[in-house]
There are 2 protein chains.
Amino acid sequence: MQQFLKDLFPELAPDQELIEEIERRSSVREIEKGTTIIDYGSYIHFVPLVVKGLVKVMRENSDGKEVLLYFLSGGSTCAATFSCCMVRKRSEVKAIAEEDTTIIMIPLEAADEWMGKYTKWRNFVMSMYDQRLFAMIDTVDKLAFSKLDEKLWDYLTERVLYTDNHTVEVSHQEIADDLNASREAISRLLKKLENQEKIKIHRNKIELLEQQVT
Amino acid sequence: MQQFLKDLFPELAPDQELIEEIERRSSVREIEKGTTIIDYGSYIHFVPLVVKGLVKVMRENSDGKEVLLYFLSGGSTCAATFSCCMVRKRSEVKAIAEEDTTIIMIPLEAADEWMGKYTKWRNFVMSMYDQRLFAMIDTVDKLAFSKLDEKLWDYLTERVLYTDNHTVEVSHQEIADDLNASREAISRLLKKLENQEKIKIHRNKIELLEQQVT
DNA sequence: CTCATTTAGTGATGCCTATCACACAGATCT
DNA sequence: AGATCTGTGTGATAGGCATCACTAAATGAG
């Protein structure tokens with residue numbers, strides 16, 4: 001586990017004492033694709049660091065519709081969750097494993113205590129907030145300016161990064177939900193991408209063609 | 001100034017030593033409406049706490065278009081700026097005073113030093129990040145689901161909170177820019193709101209009618 | 001007071017996408 | 001093999017908003 005940590009969270013690595021403390025006090029959890037890791041309204045007793053896989057973080061708005069906020073992949077953690085922990089409030093977001101995922105679970109008390117004790121930890125947490133903030137800015141940017149076809153292509157290329165065979169396993173409906181669009185529109189645009197030979201459509205599965213993955 | 005601080009930042013108030021330290025090491029700056037407080041690419045040597053007024057924070061995307069991120073009013077600070085300070089990077093955002101504004105400027109070194117020294121300060125900074133993150137989530141939500149008329153109404157009601165005479169001083173073009181819409185569309189929708197007797201349109205000025213400000 | 005500049009109002013046109021309404025095909029079950 | 005789902009393909013329709021092309025007020029500068 002020390003190697004995990006050092007590879008994925010290089011900011012923490014220099015502080016051997018911290019690394020050992022993390023190892024001593026946290027546990028590793030393997031999560032199967034599709035599992036809900038955190039749900040709305042639940043209390044959270046641990047800070048999750050994503051080691052491997054892909055986690056989708058989203059939020060339900062007042063009308064009950066869900067907005068995709070961002071994806072978390074290896075080497076990152078969810079700032080929104082972190083803040084929930086810190087102020088002991090219920091989660092405002094939902095996190096789902098979109099691929100088989102491994103996380104390190106750090107008990108709340110430890111995460112809290114380390115804030116005062118380890119500068120490296122504090123900076124790590126700050127930089128995670130920072131990264132999420134900028135991920136959100138990107139999301140805003142896309143929503144504000146991109147048309148659906150562009151959003152779709154971005155979505156596919158981002159997701160394919162976290163699979164091994166250039167293939168994203170989703171239905172058109174799921175994509176539509178993530179992009180706040182209608183299934184029909186997604187289907188039609190996918191067909192267009194297929195005609196452009198950028199992707200191959202299979203049932204429940206989109207394959208990005210080689211030359212495009214550069 | 002101690003009173004300012006205690007009123008606007010109640011989280012900090014209990015720590016008298018911190019309050020005194022802030023007073024000793026920071027300065028107050030009065031900013032005229034329209035002034036650019038922070039610009040893209042500039043280095044920032046102080047953390048600004050907004051005491052009074054309204055500050056618009058935005059970002060330029062790769063195509064040179066600007067996205068409105070959020071407004072800051074009394075009692076808040078800009079997380080994006082804060083993180084710029086902390087890692088000594090150039091600003092990725094631009095901040096403009098939309099009303100006459102007063103800020104407390106805290107030197108970078110002090111803000112940094114206090115992170116280790118004062119729990120209250122640390123929690124304050126964390127909660128500011130948290131608040132900005134959720135402001136961004138709201139922005140995303142509106143972009144994803146609201147139609148232009150709703151966005152416009154939200155925009156007006158939010159902005160009118162920070163003026164005294166139920167009047168927002170903006171041109172249709174400015175609103176259009178902030179909402180990523182066309183001026184014509186904004187003009188037409190404003191006219192509709194005027195017909196519904198929710199607002200009164202003046203040149204460079206929108207007046208929200210009494211009964212609506214509840 | 002006039003002319004130039006900003007700011008606003010209005011119609012016409014067209015694109016994008018939501019929505020409705022089905023047809024169809026692969027998967028799964030019985 | 002037939003019946004039932006679930007995921008897709010397709011056309012028709014309609015609404016929202018961008019864009020273009022002007023006109024018309026309001027303001028400011030000389």
# chains A, B, ... in the order shown; residues from 1 in each chain; ligands from 1

$ closest_atom_pairs --of "chain C" --to "chain A" --cutoff "9 Å" --atoms "only C-alpha atoms (C1' of nucleotides)" --output "tab-separated table"
residue	atom	partner	partner_atom	distance
C:DC16	C1'	A:Lys147	CA	8.6
C:DT17	C1'	A:Ala185	CA	6.9
C:DA18	C1'	A:Ser182	CA	6.8
C:DT19	C1'	A:Ser182	CA	8.9
C:DG26	C1'	A:Arg203	CA	8.4

$ write_last_selection --atoms "all heavy atoms" --output "CSV table (one decimal), in the first residue's frame"
chain,number,residue,atom,x,y,z
C,16,DC,P,-27.2,22.9,-36.6
C,16,DC,OP1,-25.7,23.0,-36.7
C,16,DC,OP2,-27.9,21.9,-37.5
C,16,DC,O5',-27.6,22.6,-35.1
C,16,DC,C5',-27.5,23.6,-34.1
C,16,DC,C4',-28.4,23.3,-33.0
C,16,DC,O4',-29.7,23.6,-33.3
C,16,DC,C3',-28.3,21.8,-32.6
C,16,DC,O3',-28.0,21.8,-31.2
C,16,DC,C2',-29.7,21.3,-32.9
C,16,DC,C1',-30.6,22.6,-32.8
C,16,DC,N1,-31.8,22.6,-33.6
C,16,DC,C2,-33.0,23.0,-32.9
C,16,DC,O2,-33.0,23.3,-31.7
C,16,DC,N3,-34.1,23.1,-33.7
C,16,DC,C4,-34.1,22.9,-35.0
C,16,DC,N4,-35.3,23.0,-35.6
C,16,DC,C5,-32.9,22.5,-35.6
C,16,DC,C6,-31.8,22.4,-34.9
C,17,DT,P,-27.6,20.4,-30.5
C,17,DT,OP1,-26.7,20.8,-29.4
C,17,DT,OP2,-27.2,19.4,-31.5
C,17,DT,O5',-28.9,20.0,-29.8
C,17,DT,C5',-29.6,20.9,-28.9
C,17,DT,C4',-31.0,20.5,-28.7
C,17,DT,O4',-31.8,20.8,-29.8
C,17,DT,C3',-31.2,19.0,-28.3
C,17,DT,O3',-31.9,19.0,-27.1
C,17,DT,C2',-32.0,18.5,-29.5
C,17,DT,C1',-32.7,19.7,-29.9
C,17,DT,N1,-33.3,19.7,-31.2
C,17,DT,C2,-34.6,20.2,-31.4
C,17,DT,O2,-35.3,20.6,-30.5
C,17,DT,N3,-35.1,20.2,-32.7
C,17,DT,C4,-34.5,19.7,-33.8
C,17,DT,O4,-35.0,19.8,-34.9
C,17,DT,C5,-33.1,19.3,-33.6
C,17,DT,C7,-32.3,18.8,-34.7
C,17,DT,C6,-32.6,19.3,-32.3
C,18,DA,P,-32.1,17.7,-26.3
C,18,DA,OP1,-31.3,17.9,-25.1
C,18,DA,OP2,-31.9,16.4,-27.0
C,18,DA,O5',-33.6,17.8,-25.8
C,18,DA,C5',-34.1,19.1,-25.4
C,18,DA,C4',-35.6,19.1,-25.3
C,18,DA,O4',-36.1,19.2,-26.7
C,18,DA,C3',-36.2,17.8,-24.8
C,18,DA,O3',-37.4,18.1,-24.0
C,18,DA,C2',-36.5,17.0,-26.0
C,18,DA,C1',-36.9,18.1,-27.0
C,18,DA,N9,-36.5,17.7,-28.4
C,18,DA,C8,-35.3,17.3,-28.9
C,18,DA,N7,-35.3,17.1,-30.2
C,18,DA,C5,-36.6,17.4,-30.6
C,18,DA,C6,-37.2,17.4,-31.9
C,18,DA,N6,-36.5,17.0,-33.0
C,18,DA,N1,-38.4,17.8,-31.9
C,18,DA,C2,-39.1,18.1,-30.8
C,18,DA,N3,-38.6,18.2,-29.6
C,18,DA,C4,-37.3,17.8,-29.5
C,19,DT,P,-38.1,17.0,-23.1
C,19,DT,OP1,-38.4,17.7,-21.9
C,19,DT,OP2,-37.3,15.8,-23.2
C,19,DT,O5',-39.4,16.7,-23.9
C,19,DT,C5',-39.7,17.5,-25.0
C,19,DT,C4',-40.9,16.9,-25.8
C,19,DT,O4',-40.6,16.7,-27.2
C,19,DT,C3',-41.4,15.6,-25.3
C,19,DT,O3',-42.8,15.5,-25.3
C,19,DT,C2',-40.8,14.6,-26.3
C,19,DT,C1',-40.8,15.4,-27.5
C,19,DT,N1,-39.8,15.0,-28.5
C,19,DT,C2,-40.2,15.1,-29.9
C,19,DT,O2,-41.3,15.5,-30.2
C,19,DT,N3,-39.2,14.8,-30.8
C,19,DT,C4,-37.9,14.3,-30.5
C,19,DT,O4,-37.2,14.1,-31.4
C,19,DT,C5,-37.6,14.3,-29.1
C,19,DT,C7,-36.3,13.8,-28.6
C,19,DT,C6,-38.6,14.6,-28.2
C,26,DG,P,-30.5,-8.3,-34.6
C,26,DG,OP1,-29.4,-8.0,-35.5
C,26,DG,OP2,-31.5,-9.3,-35.0
C,26,DG,O5',-30.0,-8.5,-33.2
C,26,DG,C5',-29.3,-7.5,-32.5
C,26,DG,C4',-29.3,-7.7,-31.0
C,26,DG,O4',-30.7,-7.4,-30.5
C,26,DG,C3',-29.0,-9.1,-30.5
C,26,DG,O3',-28.2,-9.0,-29.4
C,26,DG,C2',-30.3,-9.8,-30.3
C,26,DG,C1',-31.1,-8.6,-29.8
C,26,DG,N9,-32.6,-8.6,-30.0
C,26,DG,C8,-33.2,-8.9,-31.2
C,26,DG,N7,-34.5,-8.9,-31.0
C,26,DG,C5,-34.7,-8.5,-29.7
C,26,DG,C6,-35.9,-8.3,-29.0
C,26,DG,O6,-37.1,-8.4,-29.4
C,26,DG,N1,-35.7,-7.9,-27.7
C,26,DG,C2,-34.4,-7.8,-27.1
C,26,DG,N2,-34.4,-7.4,-25.8
C,26,DG,N3,-33.3,-8.0,-27.8
C,26,DG,C4,-33.5,-8.3,-29.1

$ residues_around --residues "Thr36 in chain A" --least-positions-apart "3" --cutoff "9 Å" --atoms "only C-alpha atoms (C1' of nucleotides)" --output "NGL selection string"
:A and (33 or 39 or 94-97)

$ write_last_selection --atoms "N, CA and C atoms" --output "PDB file, in the first residue's frame"
ATOM      1  N   LYS A  33     -18.091  -2.287 -10.320  1.00  0.00           N
ATOM      2  CA  LYS A  33     -18.747  -1.361 -11.231  1.00  0.00           C
ATOM      3  C   LYS A  33     -20.241  -1.265 -10.941  1.00  0.00           C
ATOM      4  N   ASP A  39     -24.324   8.147  -1.147  1.00  0.00           N
ATOM      5  CA  ASP A  39     -25.628   8.553  -1.641  1.00  0.00           C
ATOM      6  C   ASP A  39     -26.051   9.867  -0.977  1.00  0.00           C
ATOM      7  N   LYS A  94     -23.847  12.335  -4.859  1.00  0.00           N
ATOM      8  CA  LYS A  94     -23.899  10.890  -4.992  1.00  0.00           C
ATOM      9  C   LYS A  94     -22.681  10.465  -5.789  1.00  0.00           C
ATOM     10  N   ALA A  95     -22.070   9.383  -5.386  1.00  0.00           N
ATOM     11  CA  ALA A  95     -20.891   8.907  -6.105  1.00  0.00           C
ATOM     12  C   ALA A  95     -21.107   7.454  -6.485  1.00  0.00           C
ATOM     13  N   ILE A  96     -20.902   7.155  -7.749  1.00  0.00           N
ATOM     14  CA  ILE A  96     -21.109   5.809  -8.266  1.00  0.00           C
ATOM     15  C   ILE A  96     -19.852   5.332  -8.974  1.00  0.00           C
ATOM     16  N   ALA A  97     -19.479   4.100  -8.739  1.00  0.00           N
ATOM     17  CA  ALA A  97     -18.341   3.525  -9.456  1.00  0.00           C
ATOM     18  C   ALA A  97     -18.766   3.213 -10.882  1.00  0.00           C
TER      19      ALA A  97
END

$ select_by_dssp --residues "range 39-189 of chain A" --states "strand (DSSP E)" --output "ChimeraX atom specification"
/A:46-52,54-60,66-73,76-77,94-97,101-107,167-168

$ write_last_selection --atoms "N, CA, C and O atoms" --output "compact mmCIF listing (two decimals), in the first residue's frame"
# COMPACT_ATOMS: atom_id res chain seq x y z
N PHE A 46 -15.76 8.52 6.35
CA PHE A 46 -14.40 8.32 5.86
C PHE A 46 -14.19 9.19 4.63
O PHE A 46 -15.14 9.54 3.93
N VAL A 47 -12.96 9.55 4.39
CA VAL A 47 -12.60 10.27 3.18
C VAL A 47 -12.09 9.24 2.18
O VAL A 47 -11.20 8.47 2.51
N PRO A 48 -12.66 9.20 0.98
CA PRO A 48 -12.21 8.21 0.00
C PRO A 48 -11.13 8.78 -0.92
O PRO A 48 -11.30 9.84 -1.50
N LEU A 49 -10.03 8.08 -1.00
CA LEU A 49 -9.03 8.43 -2.03
C LEU A 49 -9.13 7.38 -3.13
O LEU A 49 -9.02 6.19 -2.87
N VAL A 50 -9.33 7.84 -4.34
CA VAL A 50 -9.47 6.88 -5.44
C VAL A 50 -8.09 6.43 -5.90
O VAL A 50 -7.23 7.25 -6.20
N VAL A 51 -7.91 5.14 -5.93
CA VAL A 51 -6.62 4.57 -6.35
C VAL A 51 -6.69 4.14 -7.81
O VAL A 51 -5.82 4.43 -8.60
N LYS A 52 -7.78 3.47 -8.14
CA LYS A 52 -7.91 2.87 -9.47
C LYS A 52 -9.38 2.94 -9.86
O LYS A 52 -10.24 2.93 -9.01
N LEU A 54 -12.90 4.47 -11.87
CA LEU A 54 -13.54 5.72 -12.25
C LEU A 54 -14.81 5.90 -11.44
O LEU A 54 -15.64 5.00 -11.35
N VAL A 55 -14.94 7.07 -10.85
CA VAL A 55 -16.11 7.35 -10.02
C VAL A 55 -16.84 8.56 -10.58
O VAL A 55 -16.21 9.58 -10.88
N LYS A 56 -18.14 8.42 -10.74
CA LYS A 56 -18.94 9.53 -11.23
C LYS A 56 -19.58 10.25 -10.05
O LYS A 56 -20.21 9.62 -9.22
N VAL A 57 -19.39 11.55 -9.97
CA VAL A 57 -19.97 12.31 -8.88
C VAL A 57 -21.08 13.19 -9.43
O VAL A 57 -20.88 13.92 -10.39
N MET A 58 -22.27 13.09 -8.82
CA MET A 58 -23.36 13.90 -9.34
C MET A 58 -24.23 14.46 -8.23
O MET A 58 -24.08 14.12 -7.07
N ARG A 59 -25.11 15.33 -8.60
CA ARG A 59 -25.97 15.95 -7.62
C ARG A 59 -27.40 16.04 -8.15
O ARG A 59 -27.61 16.24 -9.34
N GLU A 60 -28.32 15.92 -7.23
CA GLU A 60 -29.73 16.00 -7.58
C GLU A 60 -30.17 17.45 -7.34
O GLU A 60 -29.91 18.01 -6.28
N GLU A 66 -30.79 14.92 -12.08
CA GLU A 66 -29.41 14.76 -11.66
C GLU A 66 -28.44 15.46 -12.61
O GLU A 66 -28.56 15.35 -13.82
N VAL A 67 -27.49 16.15 -12.04
CA VAL A 67 -26.45 16.78 -12.84
C VAL A 67 -25.14 16.04 -12.61
O VAL A 67 -24.78 15.77 -11.46
N LEU A 68 -24.46 15.78 -13.69
CA LEU A 68 -23.12 15.20 -13.57
C LEU A 68 -22.15 16.31 -13.19
O LEU A 68 -22.08 17.33 -13.86
N LEU A 69 -21.42 16.11 -12.11
CA LEU A 69 -20.47 17.15 -11.71
C LEU A 69 -19.09 16.89 -12.27
O LEU A 69 -18.53 17.71 -12.96
N TYR A 70 -18.55 15.74 -11.95
CA TYR A 70 -17.23 15.41 -12.51
C TYR A 70 -16.93 13.93 -12.28
O TYR A 70 -17.62 13.25 -11.53
N PHE A 71 -15.90 13.48 -12.94
CA PHE A 71 -15.42 12.12 -12.70
C PHE A 71 -14.18 12.19 -11.83
O PHE A 71 -13.41 13.15 -11.91
N LEU A 72 -13.99 11.17 -11.01
CA LEU A 72 -12.76 11.04 -10.23
C LEU A 72 -12.04 9.81 -10.72
O LEU A 72 -12.65 8.75 -10.86
N SER A 73 -10.74 9.96 -10.94
CA SER A 73 -9.99 8.77 -11.31
C SER A 73 -8.81 8.62 -10.36
O SER A 73 -8.71 9.35 -9.38
N SER A 76 -7.10 10.95 -7.07
CA SER A 76 -7.86 12.13 -6.66
C SER A 76 -8.90 11.78 -5.60
O SER A 76 -9.17 10.63 -5.32
N THR A 77 -9.44 12.79 -5.03
CA THR A 77 -10.49 12.57 -4.05
C THR A 77 -11.57 13.60 -4.27
O THR A 77 -11.39 14.56 -5.00
N LYS A 94 -23.85 12.34 -4.86
CA LYS A 94 -23.90 10.89 -4.99
C LYS A 94 -22.68 10.46 -5.79
O LYS A 94 -22.30 11.15 -6.74
N ALA A 95 -22.07 9.38 -5.39
CA ALA A 95 -20.89 8.91 -6.11
C ALA A 95 -21.11 7.45 -6.49
O ALA A 95 -21.49 6.64 -5.65
N ILE A 96 -20.90 7.16 -7.75
CA ILE A 96 -21.11 5.81 -8.27
C ILE A 96 -19.85 5.33 -8.97
O ILE A 96 -19.24 6.09 -9.72
N ALA A 97 -19.48 4.10 -8.74
CA ALA A 97 -18.34 3.53 -9.46
C ALA A 97 -18.77 3.21 -10.88
O ALA A 97 -19.70 2.45 -11.09
N THR A 101 -13.45 -0.29 -9.14
CA THR A 101 -12.70 0.80 -8.54
C THR A 101 -12.09 0.39 -7.19
O THR A 101 -12.68 -0.39 -6.46
N THR A 102 -10.92 0.91 -6.92
CA THR A 102 -10.28 0.68 -5.63
C THR A 102 -10.12 2.00 -4.90
O THR A 102 -9.62 2.97 -5.48
N ILE A 103 -10.54 2.06 -3.67
CA ILE A 103 -10.33 3.30 -2.91
C ILE A 103 -9.67 3.02 -1.57
O ILE A 103 -9.79 1.93 -1.01
N ILE A 104 -8.96 4.02 -1.08
CA ILE A 104 -8.42 3.98 0.28
C ILE A 104 -9.37 4.78 1.14
O ILE A 104 -9.71 5.92 0.80
N MET A 105 -9.82 4.18 2.21
CA MET A 105 -10.76 4.88 3.08
C MET A 105 -10.05 5.39 4.33
O MET A 105 -9.53 4.61 5.13
N ILE A 106 -10.08 6.70 4.47
CA ILE A 106 -9.42 7.30 5.63
C ILE A 106 -10.48 7.74 6.62
O ILE A 106 -11.39 8.48 6.27
N PRO A 107 -10.36 7.28 7.85
CA PRO A 107 -11.38 7.65 8.83
C PRO A 107 -11.39 9.16 9.02
O PRO A 107 -10.33 9.80 9.05
N THR A 167 -13.15 1.00 -25.39
CA THR A 167 -14.59 0.78 -25.42
C THR A 167 -15.24 1.28 -24.14
O THR A 167 -14.77 1.01 -23.05
N VAL A 168 -16.31 2.05 -24.32
CA VAL A 168 -17.03 2.54 -23.16
C VAL A 168 -18.34 1.77 -23.08
O VAL A 168 -19.09 1.72 -24.05

$ closest_atom_pairs --of "chain B" --to "chain A" --cutoff "8 Å" --atoms "only C-alpha atoms" --output "CSV"
residue,atom,partner,partner_atom,distance
B:Asn61,CA,A:Asp141,CA,7.0
B:Val67,CA,A:Asp141,CA,6.7
B:Leu69,CA,A:Ile137,CA,7.4
B:Ala79,CA,A:Asp130,CA,8.0
B:Ala80,CA,A:Asp130,CA,7.1
B:Ser83,CA,A:Asp130,CA,6.4
B:Gly116,CA,A:Gly116,CA,6.3
B:Thr119,CA,A:Gly116,CA,7.5
B:Met126,CA,A:Ser83,CA,7.6
B:Ser127,CA,A:Ser83,CA,7.6
B:Tyr129,CA,A:Tyr129,CA,6.8
B:Asp130,CA,A:Ser83,CA,6.4
B:Arg132,CA,A:Leu133,CA,7.9
B:Leu133,CA,A:Leu133,CA,6.0
B:Met136,CA,A:Met136,CA,6.6
B:Ile137,CA,A:Leu69,CA,7.4
B:Thr139,CA,A:Val140,CA,7.2
B:Val140,CA,A:Val140,CA,5.6
B:Asp141,CA,A:Val67,CA,6.6
B:Leu143,CA,A:Leu143,CA,6.2
B:Ala144,CA,A:Leu143,CA,6.6
B:Phe145,CA,A:Asn180,CA,7.9
B:Asn180,CA,A:Ala144,CA,6.7

$ interface_residues --of "chain A" --to "chain D" --cutoff "12 Å" --atoms "only C-alpha atoms (C1' of nucleotides)" --output "VMD selection string"
chain A and resid 170 to 174 183 to 191 201 to 205

$ atom_distance --atom1 "CA of Lys120 in chain A" --atom2 "CA of Leu12 in chain A"
5.8 Å

$ select_by_dssp --residues "chain B" --states "helix (DSSP H, G or I)" --output "MDAnalysis selection string"
chainID B and resid 2:8 16:25 79:87 108:117 119:145 148:160 172:178 183:195 210:213

$ residues_around --residues "Trp153 in chain B" --least-positions-apart "2" --cutoff "12 Å" --atoms "only C-alpha atoms (C1' of nucleotides)" --output "count of residues only"
27

$ atom_distance --atom1 "CA of Asp164 in chain B" --atom2 "CA of Asp100 in chain B"
12.1 Å

$ decode --residues "range 7-25 of chain C" --atoms "N, CA and C atoms (P, O5', C5', C4', C3', O3' and C1' of nucleotides)" --output "compact mmCIF listing (two decimals), in the first residue's frame"
# COMPACT_ATOMS: atom_id res chain seq x y z
P DT C 7 -23.46 51.37 -24.06
O5' DT C 7 -25.03 51.29 -24.36
C5' DT C 7 -25.89 52.18 -23.70
C4' DT C 7 -27.32 51.90 -24.08
C3' DT C 7 -27.76 50.44 -23.91
O3' DT C 7 -28.94 50.43 -23.14
C1' DT C 7 -28.37 51.25 -26.03
P DA C 8 -29.65 49.10 -22.63
O5' DA C 8 -31.07 49.16 -23.36
C5' DA C 8 -31.12 49.84 -24.57
C4' DA C 8 -32.54 49.98 -25.06
C3' DA C 8 -33.38 48.70 -25.01
O3' DA C 8 -34.76 49.06 -25.03
C1' DA C 8 -32.78 49.18 -27.23
P DG C 9 -35.88 47.92 -25.14
O5' DG C 9 -36.32 47.97 -26.67
C5' DG C 9 -37.20 48.99 -27.09
C4' DG C 9 -37.79 48.66 -28.45
C3' DG C 9 -38.58 47.35 -28.51
O3' DG C 9 -39.69 47.56 -29.38
C1' DG C 9 -36.81 47.25 -30.05
P DT C 10 -40.86 46.55 -29.48
O5' DT C 10 -40.95 46.22 -31.03
C5' DT C 10 -39.94 46.68 -31.90
C4' DT C 10 -39.98 45.88 -33.20
C3' DT C 10 -40.64 44.51 -33.08
O3' DT C 10 -41.37 44.27 -34.27
C1' DT C 10 -38.44 44.24 -33.85
P DG C 11 -42.40 43.08 -34.36
O5' DG C 11 -41.97 42.35 -35.70
C5' DG C 11 -41.92 43.11 -36.90
C4' DG C 11 -41.05 42.40 -37.92
C3' DG C 11 -41.46 40.95 -38.17
O3' DG C 11 -41.55 40.75 -39.58
C1' DG C 11 -39.15 41.07 -37.65
P DA C 12 -42.05 39.40 -40.20
O5' DA C 12 -40.66 38.78 -40.69
C5' DA C 12 -39.69 39.62 -41.33
C4' DA C 12 -38.59 38.74 -41.88
C3' DA C 12 -39.05 37.33 -42.22
O3' DA C 12 -38.35 36.90 -43.39
C1' DA C 12 -37.42 37.23 -40.51
P DT C 13 -38.65 35.42 -44.01
O5' DT C 13 -37.45 34.59 -43.41
C5' DT C 13 -36.13 35.15 -43.45
C4' DT C 13 -35.13 34.14 -42.93
C3' DT C 13 -35.52 32.68 -43.16
O3' DT C 13 -34.38 32.02 -43.68
C1' DT C 13 -35.00 33.04 -40.89
P DG C 14 -34.51 30.49 -44.17
O5' DG C 14 -33.52 29.76 -43.16
C5' DG C 14 -32.40 30.48 -42.62
C4' DG C 14 -31.78 29.64 -41.53
C3' DG C 14 -32.01 28.14 -41.69
O3' DG C 14 -30.83 27.49 -41.24
C1' DG C 14 -32.92 28.82 -39.64
P DC C 15 -30.61 25.92 -41.51
O5' DC C 15 -29.85 25.49 -40.19
C5' DC C 15 -28.91 26.39 -39.58
C4' DC C 15 -28.81 26.07 -38.12
C3' DC C 15 -28.74 24.56 -37.83
O3' DC C 15 -27.75 24.37 -36.85
C1' DC C 15 -30.55 25.51 -36.64
P DC C 16 -27.17 22.91 -36.62
O5' DC C 16 -27.58 22.61 -35.11
C5' DC C 16 -27.48 23.64 -34.14
C4' DC C 16 -28.36 23.28 -32.98
C3' DC C 16 -28.32 21.81 -32.57
O3' DC C 16 -28.01 21.79 -31.19
C1' DC C 16 -30.56 22.57 -32.79
P DT C 17 -27.57 20.43 -30.48
O5' DT C 17 -28.95 20.00 -29.82
C5' DT C 17 -29.56 20.90 -28.92
C4' DT C 17 -30.98 20.49 -28.66
C3' DT C 17 -31.16 19.01 -28.31
O3' DT C 17 -31.92 18.98 -27.13
C1' DT C 17 -32.75 19.71 -29.89
P DA C 18 -32.09 17.69 -26.26
O5' DA C 18 -33.62 17.83 -25.83
C5' DA C 18 -34.09 19.10 -25.41
C4' DA C 18 -35.60 19.09 -25.35
C3' DA C 18 -36.21 17.82 -24.77
O3' DA C 18 -37.36 18.15 -24.02
C1' DA C 18 -36.89 18.07 -27.03
P DT C 19 -38.06 17.01 -23.14
O5' DT C 19 -39.42 16.73 -23.91
C5' DT C 19 -39.73 17.50 -25.04
C4' DT C 19 -40.94 16.93 -25.76
C3' DT C 19 -41.42 15.56 -25.27
O3' DT C 19 -42.83 15.54 -25.30
C1' DT C 19 -40.84 15.41 -27.54
P DC C 20 -43.68 14.30 -24.65
O5' DC C 20 -44.33 13.64 -25.94
C5' DC C 20 -44.90 14.52 -26.91
C4' DC C 20 -45.35 13.74 -28.13
C3' DC C 20 -45.87 12.33 -27.84
O3' DC C 20 -46.93 12.08 -28.74
C1' DC C 20 -44.12 12.20 -29.36
P DA C 21 -47.89 10.80 -28.64
O5' DA C 21 -48.06 10.33 -30.14
C5' DA C 21 -47.13 10.70 -31.15
C4' DA C 21 -46.86 9.52 -32.07
C3' DA C 21 -47.32 8.16 -31.53
O3' DA C 21 -47.71 7.33 -32.63
C1' DA C 21 -45.02 8.10 -31.84
P DC C 22 -48.80 6.18 -32.31
O5' DC C 22 -48.24 4.91 -33.07
C5' DC C 22 -47.06 4.34 -32.62
C4' DC C 22 -46.11 4.19 -33.78
C3' DC C 22 -45.73 2.73 -33.96
O3' DC C 22 -45.63 2.38 -35.33
C1' DC C 22 -43.80 4.05 -33.55
P DA C 23 -45.77 0.81 -35.65
O5' DA C 23 -44.30 0.54 -36.18
C5' DA C 23 -43.82 1.21 -37.34
C4' DA C 23 -42.40 0.76 -37.61
C3' DA C 23 -42.25 -0.77 -37.62
O3' DA C 23 -41.25 -1.10 -38.58
C1' DA C 23 -40.96 0.12 -35.86
P DC C 24 -41.05 -2.65 -38.98
O5' DC C 24 -39.68 -3.02 -38.26
C5' DC C 24 -38.79 -1.99 -37.91
C4' DC C 24 -37.59 -2.53 -37.18
C3' DC C 24 -37.51 -4.07 -37.07
O3' DC C 24 -36.15 -4.42 -37.17
C1' DC C 24 -37.46 -3.14 -34.93
P DA C 25 -35.69 -5.94 -37.48
O5' DA C 25 -34.13 -5.89 -37.10
C5' DA C 25 -33.60 -4.77 -36.42
C4' DA C 25 -32.84 -5.23 -35.19
C3' DA C 25 -32.60 -6.73 -35.09
O3' DA C 25 -31.35 -6.92 -34.47
C1' DA C 25 -33.80 -6.05 -33.21
